[in-house]
Amino acid sequence: MNDQQLADLRQTYSQRTLTEADVLPGPVAQFRRWLEEALEARLDEPTAMNLATVDAAGQPAARIVLLKGLPNDEGFLFFTNYDSRKGRELATSPLAALTFFWPGLERQVRIEGRVEKVPEPDSTAYFQSRPRSSQIGAWASPQSQPIASREFLEAREQEVAARFEGQQPLPRPEFWGGYLLRPHRVEFWQGRPSRLHDRILYEHTAGTWNRHRLAP
């Protein structure tokens, strides 16, 4: 494919609309409504979200993680290795952004907020609810660190499996747990024809959520 063919790729969005009257007062409740519709539509990986962080030098980085909860409609929950690149960056700068894209519904949600670690009992409860293989994988992987080979990782997996043989659930590693992103800005985007998309923005100011329509 040449550059012109690439530039000519486009799609007309026309499935739905989004008006100020359509949305709920709170953005997390509105997100929950959209997520339920994505689940009902049986979209691939509806809980996959792009998590963007920034390091001490201002260099942004992004990766896909999975949403694991919306506790009390206060924020967006995910889990990871605290020593991973994202964990180190969140320790330096706890501001982050999330993006969900559901092309099957012609929708996108952008979220910005402050991230905090969840209480240890919550991290332990979720860790021990995971499949045993996932628990072993969390112990075995020095996430984001250079490793010599695939064989090194597989050997670590076998070592951890032997170490905890007969034990279920495994203890949670101290270097692994959950984060909650508490949003202060959430934008809902609905694709429309002629690139005149609907964008409804929630901003949290003075203790309340205010809504605005944005130009596409």
# chains A, B, ... in the order shown; residues from 1 in each chain; ligands from 1
>>> residues_around(residues="range 83-89 of chain A", least_positions_apart="3", cutoff="7 Å", atoms="only C-alpha atoms", output="list in words")
Thr53, Val54, Asp55, Thr92, Ser93, Gln143, Ser144 and Phe175 of chain A
>>> residues_around(residues="range 8-18 of chain A", least_positions_apart="4", cutoff="12 Å", atoms="only C-alpha atoms", output="PyMOL selection string")
chain A and resi 1-4+22-24+30+34+103-108+187-201+213-214
>>> atom_distance(atom1="CA of Leu70 in chain A", atom2="CA of Ala21 in chain A")
23.3 Å
>>> select_by_dssp(residues="chain A", states="strand (DSSP E or B)", output="ChimeraX atom specification")
/A:48-54,60-66,69,76-81,95-102,107-117,176-190,198-205,208-213
>>> residues_around(residues="Ala125 in chain A", least_positions_apart="2", cutoff="12 Å", atoms="only C-alpha atoms", output="short mmCIF file (atom, residue, chain, number, x, y, z; two decimals) with N, CA and C atoms, in the first residue's frame")
data_model
loop_
_atom_site.label_atom_id
_atom_site.label_comp_id
_atom_site.auth_asym_id
_atom_site.auth_seq_id
_atom_site.Cartn_x
_atom_site.Cartn_y
_atom_site.Cartn_z
N PHE A 79 -4.84 -3.08 36.99
CA PHE A 79 -3.79 -3.71 37.80
C PHE A 79 -2.55 -3.91 36.96
N VAL A 118 -4.66 1.41 44.88
CA VAL A 118 -5.82 0.97 45.66
C VAL A 118 -5.32 0.30 46.93
N PRO A 119 -6.15 0.17 47.96
CA PRO A 119 -5.72 -0.49 49.19
C PRO A 119 -5.22 -1.91 48.94
N GLU A 120 -4.23 -2.32 49.73
CA GLU A 120 -3.61 -3.63 49.53
C GLU A 120 -4.61 -4.79 49.59
N PRO A 121 -5.59 -4.78 50.51
CA PRO A 121 -6.54 -5.89 50.52
C PRO A 121 -7.31 -6.02 49.20
N ASP A 122 -7.60 -4.90 48.56
CA ASP A 122 -8.30 -4.95 47.27
C ASP A 122 -7.41 -5.57 46.20
N SER A 123 -6.13 -5.19 46.20
CA SER A 123 -5.20 -5.77 45.23
C SER A 123 -5.04 -7.27 45.46
N PHE A 127 -5.92 -10.21 42.85
CA PHE A 127 -4.83 -11.09 42.43
C PHE A 127 -5.20 -12.55 42.64
N GLN A 128 -5.77 -12.85 43.80
CA GLN A 128 -6.06 -14.24 44.13
C GLN A 128 -7.33 -14.76 43.45
N SER A 129 -8.07 -13.87 42.77
CA SER A 129 -9.22 -14.31 41.98
C SER A 129 -8.81 -14.70 40.56
N ARG A 130 -7.57 -14.37 40.17
CA ARG A 130 -7.11 -14.64 38.81
C ARG A 130 -6.79 -16.12 38.64
N GLN A 135 -1.45 -15.82 38.06
CA GLN A 135 -0.74 -15.53 39.30
C GLN A 135 0.74 -15.90 39.18
N PRO A 169 -4.84 -20.00 46.80
CA PRO A 169 -4.18 -19.12 45.83
C PRO A 169 -2.76 -18.78 46.25
N LEU A 170 -2.01 -18.20 45.32
CA LEU A 170 -0.67 -17.73 45.63
C LEU A 170 -0.74 -16.43 46.41
N PRO A 171 0.27 -16.12 47.22
CA PRO A 171 0.31 -14.79 47.83
C PRO A 171 0.54 -13.74 46.76
N ARG A 172 0.04 -12.55 47.01
CA ARG A 172 0.26 -11.46 46.04
C ARG A 172 1.67 -10.90 46.20
N GLY A 177 -0.09 -4.75 41.95
CA GLY A 177 -1.35 -4.31 42.55
C GLY A 177 -2.15 -3.41 41.65
N GLY A 178 -3.13 -2.75 42.26
CA GLY A 178 -4.09 -1.99 41.48
C GLY A 178 -3.91 -0.49 41.58
#
>>> atom_distance(atom1="CA of Glu116 in chain A", atom2="CA of Pro71 in chain A")
13.2 Å
>>> residues_around(residues="Glu37 in chain A", least_positions_apart="6", cutoff="10 Å", atoms="only C-alpha atoms", output="MDAnalysis selection string")
chainID A and resid 31 43 46 105
>>> write_last_selection(atoms="N, CA and C atoms", output="compact mmCIF listing (two decimals), in the first residue's frame")
# COMPACT_ATOMS: atom_id res chain seq x y z
N PHE A 31 -20.25 6.38 31.25
CA PHE A 31 -19.33 5.40 30.70
C PHE A 31 -19.86 3.99 30.93
N LEU A 43 -18.51 -6.75 21.18
CA LEU A 43 -17.31 -6.21 20.54
C LEU A 43 -16.08 -6.94 21.06
N PRO A 46 -13.85 -5.23 24.72
CA PRO A 46 -14.48 -3.95 25.04
C PRO A 46 -13.87 -3.26 26.25
N LEU A 105 -19.23 0.43 17.39
CA LEU A 105 -20.29 1.36 17.75
C LEU A 105 -19.94 2.79 17.34
>>> residues_around(residues="Leu180 in chain A", least_positions_apart="4", cutoff="7 Å", atoms="only C-alpha atoms", output="list in words")
Gly75, Phe76, Leu77, Phe78, Val115, Glu116, Lys117 and Val118 of chain A
>>> select_by_dssp(residues="range 135-190 of chain A", states="alpha helix (DSSP H)", output="MDAnalysis selection string")
chainID A and resid 135:140 150:163
>>> write_last_selection(atoms="C-alpha atoms", output="mmCIF file, in the first residue's frame")
data_model
loop_
_atom_site.group_PDB
_atom_site.id
_atom_site.type_symbol
_atom_site.label_atom_id
_atom_site.label_comp_id
_atom_site.auth_asym_id
_atom_site.auth_seq_id
_atom_site.Cartn_x
_atom_site.Cartn_y
_atom_site.Cartn_z
ATOM 1 C CA GLN A 135 -0.739 -15.528 39.301
ATOM 2 C CA ILE A 136 2.397 -17.465 38.394
ATOM 3 C CA GLY A 137 3.036 -15.197 35.423
ATOM 4 C CA ALA A 138 2.882 -12.093 37.619
ATOM 5 C CA TRP A 139 5.509 -13.561 39.956
ATOM 6 C CA ALA A 140 7.716 -14.768 37.085
ATOM 7 C CA ARG A 150 12.173 -16.396 25.983
ATOM 8 C CA GLU A 151 13.751 -19.436 27.617
ATOM 9 C CA PHE A 152 14.729 -17.302 30.628
ATOM 10 C CA LEU A 153 11.094 -16.311 31.117
ATOM 11 C CA GLU A 154 9.850 -19.871 30.777
ATOM 12 C CA ALA A 155 12.445 -21.055 33.290
ATOM 13 C CA ARG A 156 11.256 -18.394 35.734
ATOM 14 C CA GLU A 157 7.695 -19.609 35.251
ATOM 15 C CA GLN A 158 8.729 -23.178 36.082
ATOM 16 C CA GLU A 159 10.665 -22.009 39.150
ATOM 17 C CA VAL A 160 7.657 -20.103 40.484
ATOM 18 C CA ALA A 161 5.310 -23.031 39.798
ATOM 19 C CA ALA A 162 7.640 -25.333 41.738
ATOM 20 C CA ARG A 163 8.031 -22.834 44.576
#
>>> closest_residue(among="A:Ser133, A:Asn72, A:Thr47, A:Gln145", to="Trp102 in chain A", atoms="only C-alpha atoms")
A:Thr47
>>> closest_residue(among="A:Ile147, A:Ala29, A:Ala206, A:Ala97", to="Arg110 in chain A", atoms="only C-alpha atoms")
A:Ala97
>>> closest_residue(among="A:Ala91, A:Ile111, A:Leu98, A:Leu35", to="Arg63 in chain A", atoms="only C-alpha atoms")
A:Leu98
>>> atom_distance(atom1="CA of Arg33 in chain A", atom2="CA of Leu51 in chain A")
20.8 Å
